[in-house]
file coords.cif (mmCIF, C-alpha atoms)
data_input
loop_
_atom_site.group_PDB
_atom_site.id
_atom_site.type_symbol
_atom_site.label_atom_id
_atom_site.label_comp_id
_atom_site.auth_asym_id
_atom_site.auth_seq_id
_atom_site.Cartn_x
_atom_site.Cartn_y
_atom_site.Cartn_z
ATOM 1 C CA MET A 1442 78.381 2.908 -91.696
ATOM 2 C CA ARG A 1443 79.268 4.151 -95.092
ATOM 3 C CA LYS A 1444 77.444 4.878 -98.308
ATOM 4 C CA SER A 1445 78.382 2.428 -100.988
ATOM 5 C CA THR A 1446 77.608 1.308 -104.496
ATOM 6 C CA SER A 1447 78.760 -2.220 -103.721
ATOM 7 C CA SER A 1448 77.660 -5.286 -105.602
ATOM 8 C CA LEU A 1449 74.872 -5.646 -103.037
ATOM 9 C CA GLY A 1450 72.963 -2.533 -103.966
ATOM 10 C CA LYS A 1451 72.930 0.825 -105.599
ATOM 11 C CA ASP A 1452 73.770 3.649 -103.224
ATOM 12 C CA THR A 1453 72.821 1.646 -100.155
ATOM 13 C CA VAL A 1454 74.051 2.163 -96.635
ATOM 14 C CA THR A 1455 76.221 -0.780 -95.743
ATOM 15 C CA ARG A 1456 78.525 -1.796 -92.961
ATOM 16 C CA ASP A 1457 80.300 -4.410 -95.088
ATOM 17 C CA GLN A 1458 79.165 -6.882 -92.488
ATOM 18 C CA PRO A 1459 80.857 -10.214 -91.843
ATOM 19 C CA GLY A 1460 77.979 -12.009 -93.580
ATOM 20 C CA GLU A 1461 78.642 -10.127 -96.800
ATOM 21 C CA ARG A 1462 82.344 -10.909 -96.668
ATOM 22 C CA LEU A 1463 81.640 -14.565 -95.936
ATOM 23 C CA VAL A 1464 79.200 -14.814 -98.853
ATOM 24 C CA ARG A 1465 81.812 -13.331 -101.176
ATOM 25 C CA ARG A 1466 84.356 -15.842 -99.859
ATOM 26 C CA LEU A 1467 81.923 -18.727 -100.398
ATOM 27 C CA ILE A 1468 81.271 -17.661 -103.964
ATOM 28 C CA SER A 1469 84.902 -17.041 -104.848
ATOM 29 C CA SER A 1470 85.842 -20.509 -103.586
ATOM 30 C CA ARG A 1471 83.465 -22.315 -105.948
ATOM 31 C CA GLN A 1472 84.483 -23.714 -109.262
ATOM 32 C CA PRO A 1473 82.033 -24.073 -112.148
ATOM 33 C CA ARG A 1474 80.219 -27.405 -112.256
ATOM 34 C CA GLY A 1475 79.675 -29.389 -115.437
ATOM 35 C CA ALA A 1476 80.862 -29.140 -118.988
ATOM 36 C CA GLY A 1477 79.851 -26.146 -121.033
ATOM 37 C CA ARG A 1478 78.968 -23.879 -118.151
ATOM 38 C CA GLY A 1479 82.111 -21.834 -118.396
ATOM 39 C CA ASP A 1480 84.107 -20.097 -115.761
ATOM 40 C CA THR A 1481 81.592 -17.420 -114.754
ATOM 41 C CA ALA A 1482 80.713 -15.604 -111.577
ATOM 42 C CA ALA A 1483 77.047 -16.601 -111.891
ATOM 43 C CA TRP A 1484 77.857 -20.315 -112.012
ATOM 44 C CA ALA A 1485 80.168 -19.924 -109.012
ATOM 45 C CA ALA A 1486 77.369 -18.168 -107.092
ATOM 46 C CA ALA A 1487 74.895 -20.904 -108.059
ATOM 47 C CA ALA A 1488 77.363 -23.555 -106.885
ATOM 48 C CA ALA A 1489 77.747 -21.694 -103.574
ATOM 49 C CA CYS A 1490 73.940 -21.720 -103.190
ATOM 50 C CA GLY A 1491 73.781 -25.466 -103.740
ATOM 51 C CA ASP A 1492 76.702 -26.227 -101.461
ATOM 52 C CA LEU A 1493 75.415 -23.976 -98.691
ATOM 53 C CA TYR A 1494 71.937 -25.498 -98.976
ATOM 54 C CA ARG A 1495 73.330 -29.032 -98.580
ATOM 55 C CA ASP A 1496 75.590 -28.054 -95.679
ATOM 56 C CA LEU A 1497 73.011 -25.999 -93.764
ATOM 57 C CA SER A 1498 70.428 -28.761 -94.266
ATOM 58 C CA LEU A 1499 72.515 -30.902 -91.945
ATOM 59 C CA TRP A 1500 71.938 -28.370 -89.178
ATOM 60 C CA VAL A 1501 68.438 -26.985 -89.729
ATOM 61 C CA GLY A 1502 66.887 -29.811 -91.763
ATOM 62 C CA THR A 1503 66.027 -29.870 -95.447
ATOM 63 C CA ASP A 1504 62.578 -28.319 -95.030
ATOM 64 C CA GLY A 1505 63.801 -25.533 -92.742
ATOM 65 C CA CYS A 1506 66.770 -24.798 -94.957
ATOM 66 C CA HIS A 1507 64.634 -24.735 -98.097
ATOM 67 C CA ALA A 1508 62.198 -22.377 -96.335
ATOM 68 C CA LEU A 1509 65.062 -20.010 -95.459
ATOM 69 C CA PHE A 1510 66.400 -20.044 -99.017
ATOM 70 C CA SER A 1511 62.892 -19.567 -100.469
ATOM 71 C CA ARG A 1512 62.253 -16.584 -98.235
ATOM 72 C CA ALA A 1513 65.647 -15.070 -99.100
ATOM 73 C CA LEU A 1514 64.865 -15.548 -102.798
ATOM 74 C CA ALA A 1515 61.433 -13.937 -102.454
ATOM 75 C CA GLN A 1516 62.899 -10.934 -100.603
ATOM 76 C CA SER A 1517 65.731 -10.539 -103.100
ATOM 77 C CA ARG A 1518 63.485 -10.747 -106.158
ATOM 78 C CA ARG A 1519 62.109 -7.348 -105.197
ATOM 79 C CA GLU A 1520 65.594 -5.892 -105.707
ATOM 80 C CA ARG A 1521 67.009 -7.970 -108.550
ATOM 81 C CA ALA A 1522 65.168 -8.816 -111.772
ATOM 82 C CA ALA A 1523 67.774 -11.480 -112.599
ATOM 83 C CA LEU A 1524 66.233 -13.654 -109.872
ATOM 84 C CA GLU A 1525 62.820 -13.875 -111.530
ATOM 85 C CA LEU A 1526 63.989 -16.905 -113.543
ATOM 86 C CA ILE A 1527 65.740 -18.641 -110.624
ATOM 87 C CA ARG A 1528 63.953 -21.585 -109.024
ATOM 88 C CA LEU A 1529 65.054 -23.492 -105.940
ATOM 89 C CA SER A 1530 64.425 -27.226 -105.939
ATOM 90 C CA ALA A 1531 64.902 -29.052 -102.641
ATOM 91 C CA GLY A 1532 66.700 -32.343 -103.140
ATOM 92 C CA SER A 1533 67.592 -31.569 -106.757
ATOM 93 C CA GLU A 1534 70.888 -31.000 -108.464
ATOM 94 C CA PRO A 1535 71.394 -28.183 -109.156
ATOM 95 C CA TYR A 1536 69.580 -26.603 -106.220
ATOM 96 C CA ALA A 1537 69.382 -23.204 -107.951
ATOM 97 C CA ASP A 1538 67.861 -23.822 -111.358
ATOM 98 C CA GLY A 1539 67.250 -21.283 -114.117
ATOM 99 C CA VAL A 1540 70.759 -19.846 -114.002
ATOM 100 C CA ALA A 1541 71.337 -20.415 -117.713
ATOM 101 C CA GLU A 1542 68.083 -18.618 -118.574
ATOM 102 C CA SER A 1543 68.976 -15.723 -116.279
ATOM 103 C CA LEU A 1544 72.433 -15.503 -117.859
ATOM 104 C CA ILE A 1545 70.888 -15.238 -121.313
ATOM 105 C CA GLU A 1546 68.356 -12.607 -120.290
ATOM 106 C CA HIS A 1547 70.342 -10.555 -117.755
ATOM 107 C CA GLY A 1548 74.025 -11.411 -118.256
ATOM 108 C CA ASP A 1549 76.647 -12.902 -115.981
ATOM 109 C CA ALA A 1550 77.318 -9.882 -113.784
ATOM 110 C CA ALA A 1551 73.646 -9.199 -113.005
ATOM 111 C CA THR A 1552 72.900 -12.883 -112.340
ATOM 112 C CA ALA A 1553 75.945 -13.303 -110.102
ATOM 113 C CA GLU A 1554 75.123 -10.117 -108.188
ATOM 114 C CA ALA A 1555 71.515 -11.205 -107.745
ATOM 115 C CA LEU A 1556 72.523 -14.610 -106.358
ATOM 116 C CA GLU A 1557 74.995 -12.891 -104.031
ATOM 117 C CA VAL A 1558 72.224 -10.614 -102.741
ATOM 118 C CA MET A 1559 70.040 -13.678 -102.149
ATOM 119 C CA LEU A 1560 72.792 -15.381 -100.145
ATOM 120 C CA VAL A 1561 73.311 -12.256 -98.034
ATOM 121 C CA ARG A 1562 69.549 -12.182 -97.324
ATOM 122 C CA LEU A 1563 69.797 -15.843 -96.331
ATOM 123 C CA VAL A 1564 72.582 -15.016 -93.867
ATOM 124 C CA GLU A 1565 70.463 -12.200 -92.411
ATOM 125 C CA LEU A 1566 67.479 -14.534 -91.969
ATOM 126 C CA LEU A 1567 69.650 -17.176 -90.341
ATOM 127 C CA GLU A 1568 71.160 -14.556 -88.022
ATOM 128 C CA ARG A 1569 67.662 -13.516 -86.908
ATOM 129 C CA LEU A 1570 66.733 -17.137 -86.334
ATOM 130 C CA VAL A 1571 69.759 -18.401 -84.394
ATOM 131 C CA GLY A 1572 71.800 -15.266 -83.646
ATOM 132 C CA ASP A 1573 74.807 -13.710 -85.324
ATOM 133 C CA GLU A 1574 77.504 -15.902 -83.815
ATOM 134 C CA VAL A 1575 75.778 -19.230 -84.412
ATOM 135 C CA ALA A 1576 74.817 -18.250 -87.960
ATOM 136 C CA MET A 1577 78.401 -17.259 -88.763
ATOM 137 C CA LYS A 1578 79.707 -20.525 -87.312
ATOM 138 C CA LEU A 1579 77.252 -22.603 -89.341
ATOM 139 C CA ILE A 1580 78.146 -20.810 -92.549
ATOM 140 C CA GLU A 1581 81.866 -20.937 -91.806
ATOM 141 C CA ARG A 1582 81.502 -24.690 -91.286
ATOM 142 C CA SER A 1583 79.992 -24.868 -94.746
ATOM 143 C CA TYR A 1584 82.930 -22.922 -96.155
ATOM 144 C CA THR A 1585 85.483 -25.145 -94.434
ATOM 145 C CA ALA A 1586 83.518 -28.280 -95.374
ATOM 146 C CA SER A 1587 84.037 -27.378 -99.021
ATOM 147 C CA GLU A 1588 87.759 -27.323 -98.298
ATOM 148 C CA GLY A 1589 87.639 -30.733 -96.597
ATOM 149 C CA GLY A 1590 87.841 -29.459 -93.026
ATOM 150 C CA GLY A 1591 84.181 -29.198 -92.063
ATOM 151 C CA LYS A 1592 82.387 -31.259 -89.485
ATOM 152 C CA THR A 1593 78.932 -32.739 -89.534
ATOM 153 C CA PRO A 1594 76.578 -32.655 -86.544
ATOM 154 C CA GLU A 1595 77.516 -36.297 -85.882
ATOM 155 C CA ASP A 1596 81.231 -35.394 -85.734
ATOM 156 C CA ILE A 1597 80.545 -32.728 -83.128
ATOM 157 C CA GLU A 1598 78.368 -35.078 -81.056
ATOM 158 C CA GLU A 1599 81.170 -37.664 -81.070
ATOM 159 C CA GLU A 1600 83.674 -35.042 -79.836
ATOM 160 C CA ALA A 1601 81.418 -33.993 -76.938
#

call {"tool": "encode", "arguments": {"input": "coords.cif", "output": "structure tokens"}}
result
Amino acid sequence: MRKSTSSLGKDTVTRDQPGERLVRRLISSRQPRGAGRGDTAAWAAAAACGDLYRDLSLWVGTDGCHALFSRALAQSRRERAALELIRLSAGSEPYADGVAESLIEHGDAATAEALEVMLVRLVELLERLVGDEVAMKLIERSYTASEGGGKTPEDIEEEA
């Protein structure tokens, strides 16, 4: 363990866990969606939220996935004021709404950092639910799915 002032917290003890690295990779791989949104870190983080929600929904169902995201958001709101304007809407596009409002009120860096914290909390919740290894595999599948190499549950059943 080391003391850090990483983007995930101020002077927090962190191990720079695989979940944190994977979340950063997910976010950095996303491109902004839609005209006028610009090339910002907050929009990339919001896109990662939406993509991860859709991909994980295939494995844990839409209700279960939305419950995990909602809990992660509620936990993260205690740490990050930029999340107070963020709403999650199951079955909607975008999944994470209120990003523009948060950008106006809190700025790009604070909004992006807040969404990153929420995604890390989501990973932690998923790890508690299904275990570290399975959680990492599910999230890695989401990452590779965005690159065209992911598999759906049906693909895996067919291979078995």

call {"tool": "residues_around", "arguments": {"input": "coords.cif", "residues": "A:Leu1463", "least_positions_apart": "4", "cutoff": "9 Å", "atoms": "only C-alpha atoms", "output": "PyMOL selection string"}}
result
chain A and resi 1458-1459+1467-1468+1561+1577+1580-1581+1584

call {"tool": "closest_residue", "arguments": {"input": "coords.cif", "among": "A:Val1464, A:Ala1537, A:Leu1497, A:Ala1522", "to": "A:Trp1484", "atoms": "all atoms listed in the file"}}
result
A:Ala1537

call {"tool": "closest_atom_pairs", "arguments": {"input": "coords.cif", "of": "stretch 1486-1534 of chain A", "to": "stretch 1545-1558 of chain A", "cutoff": "12 Å", "atoms": "all atoms listed in the file", "output": "CSV"}}
result
residue,atom,partner,partner_atom,distance
A:Ala1486,CA,A:Ala1553,CA,5.9
A:Ala1487,CA,A:Leu1556,CA,6.9
A:Ala1488,CA,A:Leu1556,CA,10.2
A:Ala1489,CA,A:Leu1556,CA,9.2
A:Cys1490,CA,A:Leu1556,CA,7.9
A:Gly1491,CA,A:Leu1556,CA,11.2
A:Phe1510,CA,A:Leu1556,CA,11.0
A:Ala1513,CA,A:Val1558,CA,8.7
A:Leu1514,CA,A:Leu1556,CA,8.5
A:Ala1515,CA,A:Val1558,CA,11.3
A:Gln1516,CA,A:Val1558,CA,9.6
A:Ser1517,CA,A:Val1558,CA,6.5
A:Arg1518,CA,A:Ala1555,CA,8.2
A:Arg1519,CA,A:Ala1555,CA,10.5
A:Glu1520,CA,A:Ala1555,CA,8.2
A:Arg1521,CA,A:Ala1555,CA,5.6
A:Ala1522,CA,A:Ala1555,CA,7.9
A:Ala1523,CA,A:Thr1552,CA,5.3
A:Leu1524,CA,A:Ala1555,CA,6.2
A:Glu1525,CA,A:Ala1555,CA,9.9
A:Leu1526,CA,A:Glu1546,CA,9.1
A:Ile1527,CA,A:Leu1556,CA,9.0
A:Arg1528,CA,A:Leu1556,CA,11.4
A:Leu1529,CA,A:Leu1556,CA,11.6

call {"tool": "atom_distance", "arguments": {"input": "coords.cif", "atom1": "atom CA of A:Val1564", "atom2": "atom CA of A:Leu1493"}}
result
10.6 Å

call {"tool": "closest_residue", "arguments": {"input": "coords.cif", "among": "A:Glu1534, A:Arg1465, A:Gly1460, A:Leu1560", "to": "A:Arg1495", "atoms": "all atoms listed in the file"}}
result
A:Glu1534

call {"tool": "closest_residue", "arguments": {"input": "coords.cif", "among": "A:Glu1568, A:Asp1492, A:His1507, A:Ala1576", "to": "A:Pro1535", "atoms": "all atoms listed in the file"}}
result
A:Asp1492

call {"tool": "atom_distance", "arguments": {"input": "coords.cif", "atom1": "atom CA of A:Ala1483", "atom2": "atom CA of A:Glu1574"}}
result
28.1 Å

call {"tool": "atom_distance", "arguments": {"input": "coords.cif", "atom1": "atom CA of A:Ala1531", "atom2": "atom CA of A:Asp1504"}}
result
8.0 Å

call {"tool": "closest_residue", "arguments": {"input": "coords.cif", "among": "A:Glu1461, A:Val1501, A:Ala1482, A:Arg1471", "to": "A:Leu1544", "atoms": "all atoms listed in the file"}}
result
A:Ala1482

call {"tool": "closest_residue", "arguments": {"input": "coords.cif", "among": "A:Val1571, A:Ala1541, A:Leu1579, A:Met1559", "to": "A:Leu1499", "atoms": "only C-alpha atoms"}}
result
A:Leu1579

call {"tool": "closest_residue", "arguments": {"input": "coords.cif", "among": "A:Ser1543, A:Asp1496, A:Leu1567, A:Thr1503", "to": "A:Arg1582", "atoms": "only C-alpha atoms"}}
result
A:Asp1496

call {"tool": "decode", "arguments": {"input": "coords.cif", "residues": "stretch 1489-1539 of chain A", "atoms": "N, CA and C atoms", "output": "PDB file, in the first residue's frame"}}
result
ATOM      1  N   ALA A1489     -18.033   5.514 -21.087  1.00  0.00           N
ATOM      2  CA  ALA A1489     -17.597   4.259 -20.468  1.00  0.00           C
ATOM      3  C   ALA A1489     -18.684   3.719 -19.547  1.00  0.00           C
ATOM      4  N   CYS A1490     -19.360   4.597 -18.808  1.00  0.00           N
ATOM      5  CA  CYS A1490     -20.471   4.170 -17.943  1.00  0.00           C
ATOM      6  C   CYS A1490     -21.567   3.506 -18.774  1.00  0.00           C
ATOM      7  N   GLY A1491     -21.969   4.162 -19.833  1.00  0.00           N
ATOM      8  CA  GLY A1491     -23.032   3.621 -20.682  1.00  0.00           C
ATOM      9  C   GLY A1491     -22.655   2.301 -21.331  1.00  0.00           C
ATOM     10  N   ASP A1492     -21.438   2.235 -21.836  1.00  0.00           N
ATOM     11  CA  ASP A1492     -20.981   1.008 -22.490  1.00  0.00           C
ATOM     12  C   ASP A1492     -20.870  -0.136 -21.495  1.00  0.00           C
ATOM     13  N   LEU A1493     -20.320   0.153 -20.319  1.00  0.00           N
ATOM     14  CA  LEU A1493     -20.175  -0.887 -19.303  1.00  0.00           C
ATOM     15  C   LEU A1493     -21.541  -1.348 -18.811  1.00  0.00           C
ATOM     16  N   TYR A1494     -22.472  -0.421 -18.651  1.00  0.00           N
ATOM     17  CA  TYR A1494     -23.832  -0.796 -18.244  1.00  0.00           C
ATOM     18  C   TYR A1494     -24.446  -1.769 -19.258  1.00  0.00           C
ATOM     19  N   ARG A1495     -24.375  -1.424 -20.532  1.00  0.00           N
ATOM     20  CA  ARG A1495     -24.948  -2.301 -21.572  1.00  0.00           C
ATOM     21  C   ARG A1495     -24.272  -3.664 -21.574  1.00  0.00           C
ATOM     22  N   ASP A1496     -22.950  -3.686 -21.478  1.00  0.00           N
ATOM     23  CA  ASP A1496     -22.221  -4.956 -21.539  1.00  0.00           C
ATOM     24  C   ASP A1496     -22.461  -5.818 -20.299  1.00  0.00           C
ATOM     25  N   LEU A1497     -22.409  -5.216 -19.115  1.00  0.00           N
ATOM     26  CA  LEU A1497     -22.640  -5.995 -17.895  1.00  0.00           C
ATOM     27  C   LEU A1497     -24.084  -6.463 -17.780  1.00  0.00           C
ATOM     28  N   SER A1498     -25.018  -5.719 -18.380  1.00  0.00           N
ATOM     29  CA  SER A1498     -26.424  -6.123 -18.358  1.00  0.00           C
ATOM     30  C   SER A1498     -26.631  -7.475 -19.016  1.00  0.00           C
ATOM     31  N   LEU A1499     -25.787  -7.803 -19.967  1.00  0.00           N
ATOM     32  CA  LEU A1499     -25.877  -9.114 -20.613  1.00  0.00           C
ATOM     33  C   LEU A1499     -25.592 -10.238 -19.627  1.00  0.00           C
ATOM     34  N   TRP A1500     -24.791  -9.950 -18.624  1.00  0.00           N
ATOM     35  CA  TRP A1500     -24.353 -10.978 -17.680  1.00  0.00           C
ATOM     36  C   TRP A1500     -25.158 -10.994 -16.387  1.00  0.00           C
ATOM     37  N   VAL A1501     -25.523  -9.835 -15.882  1.00  0.00           N
ATOM     38  CA  VAL A1501     -26.224  -9.789 -14.588  1.00  0.00           C
ATOM     39  C   VAL A1501     -27.654  -9.279 -14.721  1.00  0.00           C
ATOM     40  N   GLY A1502     -28.114  -9.045 -15.940  1.00  0.00           N
ATOM     41  CA  GLY A1502     -29.462  -8.550 -16.171  1.00  0.00           C
ATOM     42  C   GLY A1502     -29.537  -7.039 -16.029  1.00  0.00           C
ATOM     43  N   THR A1503     -30.539  -6.448 -16.666  1.00  0.00           N
ATOM     44  CA  THR A1503     -30.642  -4.988 -16.651  1.00  0.00           C
ATOM     45  C   THR A1503     -30.980  -4.456 -15.260  1.00  0.00           C
ATOM     46  N   ASP A1504     -31.885  -5.152 -14.555  1.00  0.00           N
ATOM     47  CA  ASP A1504     -32.242  -4.679 -13.212  1.00  0.00           C
ATOM     48  C   ASP A1504     -31.073  -4.806 -12.246  1.00  0.00           C
ATOM     49  N   GLY A1505     -30.386  -5.945 -12.267  1.00  0.00           N
ATOM     50  CA  GLY A1505     -29.245  -6.147 -11.379  1.00  0.00           C
ATOM     51  C   GLY A1505     -28.122  -5.181 -11.680  1.00  0.00           C
ATOM     52  N   CYS A1506     -27.877  -4.964 -12.950  1.00  0.00           N
ATOM     53  CA  CYS A1506     -26.805  -4.043 -13.349  1.00  0.00           C
ATOM     54  C   CYS A1506     -27.156  -2.613 -12.936  1.00  0.00           C
ATOM     55  N   HIS A1507     -28.396  -2.216 -13.164  1.00  0.00           N
ATOM     56  CA  HIS A1507     -28.811  -0.869 -12.777  1.00  0.00           C
ATOM     57  C   HIS A1507     -28.713  -0.699 -11.258  1.00  0.00           C
ATOM     58  N   ALA A1508     -29.059  -1.750 -10.510  1.00  0.00           N
ATOM     59  CA  ALA A1508     -28.949  -1.685  -9.046  1.00  0.00           C
ATOM     60  C   ALA A1508     -27.496  -1.498  -8.617  1.00  0.00           C
ATOM     61  N   LEU A1509     -26.576  -2.206  -9.266  1.00  0.00           N
ATOM     62  CA  LEU A1509     -25.151  -2.049  -8.946  1.00  0.00           C
ATOM     63  C   LEU A1509     -24.672  -0.633  -9.245  1.00  0.00           C
ATOM     64  N   PHE A1510     -25.023  -0.127 -10.419  1.00  0.00           N
ATOM     65  CA  PHE A1510     -24.620   1.236 -10.784  1.00  0.00           C
ATOM     66  C   PHE A1510     -25.236   2.259  -9.833  1.00  0.00           C
ATOM     67  N   SER A1511     -26.513   2.075  -9.482  1.00  0.00           N
ATOM     68  CA  SER A1511     -27.189   3.022  -8.582  1.00  0.00           C
ATOM     69  C   SER A1511     -26.529   3.032  -7.210  1.00  0.00           C
ATOM     70  N   ARG A1512     -26.170   1.866  -6.735  1.00  0.00           N
ATOM     71  CA  ARG A1512     -25.497   1.801  -5.427  1.00  0.00           C
ATOM     72  C   ARG A1512     -24.117   2.460  -5.498  1.00  0.00           C
ATOM     73  N   ALA A1513     -23.379   2.184  -6.578  1.00  0.00           N
ATOM     74  CA  ALA A1513     -22.063   2.812  -6.747  1.00  0.00           C
ATOM     75  C   ALA A1513     -22.199   4.332  -6.814  1.00  0.00           C
ATOM     76  N   LEU A1514     -23.223   4.816  -7.501  1.00  0.00           N
ATOM     77  CA  LEU A1514     -23.450   6.261  -7.582  1.00  0.00           C
ATOM     78  C   LEU A1514     -23.764   6.828  -6.204  1.00  0.00           C
ATOM     79  N   ALA A1515     -24.641   6.168  -5.471  1.00  0.00           N
ATOM     80  CA  ALA A1515     -25.007   6.655  -4.131  1.00  0.00           C
ATOM     81  C   ALA A1515     -23.786   6.700  -3.214  1.00  0.00           C
ATOM     82  N   GLN A1516     -22.947   5.675  -3.251  1.00  0.00           N
ATOM     83  CA  GLN A1516     -21.747   5.649  -2.415  1.00  0.00           C
ATOM     84  C   GLN A1516     -20.767   6.752  -2.827  1.00  0.00           C
ATOM     85  N   SER A1517     -20.634   6.969  -4.109  1.00  0.00           N
ATOM     86  CA  SER A1517     -19.663   7.934  -4.618  1.00  0.00           C
ATOM     87  C   SER A1517     -20.107   9.368  -4.426  1.00  0.00           C
ATOM     88  N   ARG A1518     -21.408   9.598  -4.360  1.00  0.00           N
ATOM     89  CA  ARG A1518     -21.913  10.960  -4.148  1.00  0.00           C
ATOM     90  C   ARG A1518     -21.434  11.530  -2.822  1.00  0.00           C
ATOM     91  N   ARG A1519     -21.182  10.666  -1.860  1.00  0.00           N
ATOM     92  CA  ARG A1519     -20.689  11.130  -0.563  1.00  0.00           C
ATOM     93  C   ARG A1519     -19.304  11.763  -0.689  1.00  0.00           C
ATOM     94  N   GLU A1520     -18.552  11.316  -1.690  1.00  0.00           N
ATOM     95  CA  GLU A1520     -17.175  11.777  -1.888  1.00  0.00           C
ATOM     96  C   GLU A1520     -17.043  12.874  -2.937  1.00  0.00           C
ATOM     97  N   ARG A1521     -17.944  12.900  -3.895  1.00  0.00           N
ATOM     98  CA  ARG A1521     -17.782  13.784  -5.052  1.00  0.00           C
ATOM     99  C   ARG A1521     -19.051  14.574  -5.336  1.00  0.00           C
ATOM    100  N   ALA A1522     -18.993  15.877  -5.117  1.00  0.00           N
ATOM    101  CA  ALA A1522     -20.148  16.750  -5.344  1.00  0.00           C
ATOM    102  C   ALA A1522     -20.566  16.779  -6.812  1.00  0.00           C
ATOM    103  N   ALA A1523     -19.630  16.538  -7.721  1.00  0.00           N
ATOM    104  CA  ALA A1523     -19.950  16.574  -9.152  1.00  0.00           C
ATOM    105  C   ALA A1523     -20.961  15.498  -9.542  1.00  0.00           C
ATOM    106  N   LEU A1524     -21.180  14.511  -8.685  1.00  0.00           N
ATOM    107  CA  LEU A1524     -22.142  13.457  -8.996  1.00  0.00           C
ATOM    108  C   LEU A1524     -23.573  13.811  -8.595  1.00  0.00           C
ATOM    109  N   GLU A1525     -23.757  14.899  -7.872  1.00  0.00           N
ATOM    110  CA  GLU A1525     -25.106  15.230  -7.411  1.00  0.00           C
ATOM    111  C   GLU A1525     -26.060  15.497  -8.573  1.00  0.00           C
ATOM    112  N   LEU A1526     -25.551  15.902  -9.722  1.00  0.00           N
ATOM    113  CA  LEU A1526     -26.394  16.186 -10.880  1.00  0.00           C
ATOM    114  C   LEU A1526     -26.503  14.997 -11.844  1.00  0.00           C
ATOM    115  N   ILE A1527     -25.770  13.931 -11.578  1.00  0.00           N
ATOM    116  CA  ILE A1527     -25.768  12.767 -12.467  1.00  0.00           C
ATOM    117  C   ILE A1527     -26.947  11.856 -12.118  1.00  0.00           C
ATOM    118  N   ARG A1528     -27.673  11.464 -13.152  1.00  0.00           N
ATOM    119  CA  ARG A1528     -28.782  10.522 -13.008  1.00  0.00           C
ATOM    120  C   ARG A1528     -28.527   9.342 -13.927  1.00  0.00           C
ATOM    121  N   LEU A1529     -28.878   8.162 -13.462  1.00  0.00           N
ATOM    122  CA  LEU A1529     -28.739   6.944 -14.258  1.00  0.00           C
ATOM    123  C   LEU A1529     -30.123   6.503 -14.701  1.00  0.00           C
ATOM    124  N   SER A1530     -30.274   6.259 -15.988  1.00  0.00           N
ATOM    125  CA  SER A1530     -31.579   5.910 -16.538  1.00  0.00           C
ATOM    126  C   SER A1530     -31.480   4.595 -17.293  1.00  0.00           C
ATOM    127  N   ALA A1531     -31.973   3.520 -16.649  1.00  0.00           N
ATOM    128  CA  ALA A1531     -31.934   2.198 -17.272  1.00  0.00           C
ATOM    129  C   ALA A1531     -32.694   2.231 -18.598  1.00  0.00           C
ATOM    130  N   GLY A1532     -32.080   1.673 -19.614  1.00  0.00           N
ATOM    131  CA  GLY A1532     -32.705   1.587 -20.925  1.00  0.00           C
ATOM    132  C   GLY A1532     -32.704   2.885 -21.711  1.00  0.00           C
ATOM    133  N   SER A1533     -32.044   3.900 -21.219  1.00  0.00           N
ATOM    134  CA  SER A1533     -32.013   5.195 -21.911  1.00  0.00           C
ATOM    135  C   SER A1533     -30.633   5.438 -22.507  1.00  0.00           C
ATOM    136  N   GLU A1534     -30.615   6.310 -23.472  1.00  0.00           N
ATOM    137  CA  GLU A1534     -29.361   6.743 -24.073  1.00  0.00           C
ATOM    138  C   GLU A1534     -29.305   8.248 -23.952  1.00  0.00           C
ATOM    139  N   PRO A1535     -28.407   8.827 -23.234  1.00  0.00           N
ATOM    140  CA  PRO A1535     -27.286   8.182 -22.558  1.00  0.00           C
ATOM    141  C   PRO A1535     -27.727   7.587 -21.217  1.00  0.00           C
ATOM    142  N   TYR A1536     -26.979   6.605 -20.754  1.00  0.00           N
ATOM    143  CA  TYR A1536     -27.285   5.973 -19.471  1.00  0.00           C
ATOM    144  C   TYR A1536     -27.005   6.950 -18.326  1.00  0.00           C
ATOM    145  N   ALA A1537     -25.868   7.612 -18.376  1.00  0.00           N
ATOM    146  CA  ALA A1537     -25.517   8.623 -17.365  1.00  0.00           C
ATOM    147  C   ALA A1537     -25.938   9.979 -17.909  1.00  0.00           C
ATOM    148  N   ASP A1538     -26.980  10.527 -17.317  1.00  0.00           N
ATOM    149  CA  ASP A1538     -27.519  11.809 -17.748  1.00  0.00           C
ATOM    150  C   ASP A1538     -27.104  12.884 -16.733  1.00  0.00           C
ATOM    151  N   GLY A1539     -27.116  14.121 -17.155  1.00  0.00           N
ATOM    152  CA  GLY A1539     -26.745  15.223 -16.272  1.00  0.00           C
ATOM    153  C   GLY A1539     -25.280  15.591 -16.364  1.00  0.00           C
TER     154      GLY A1539
END
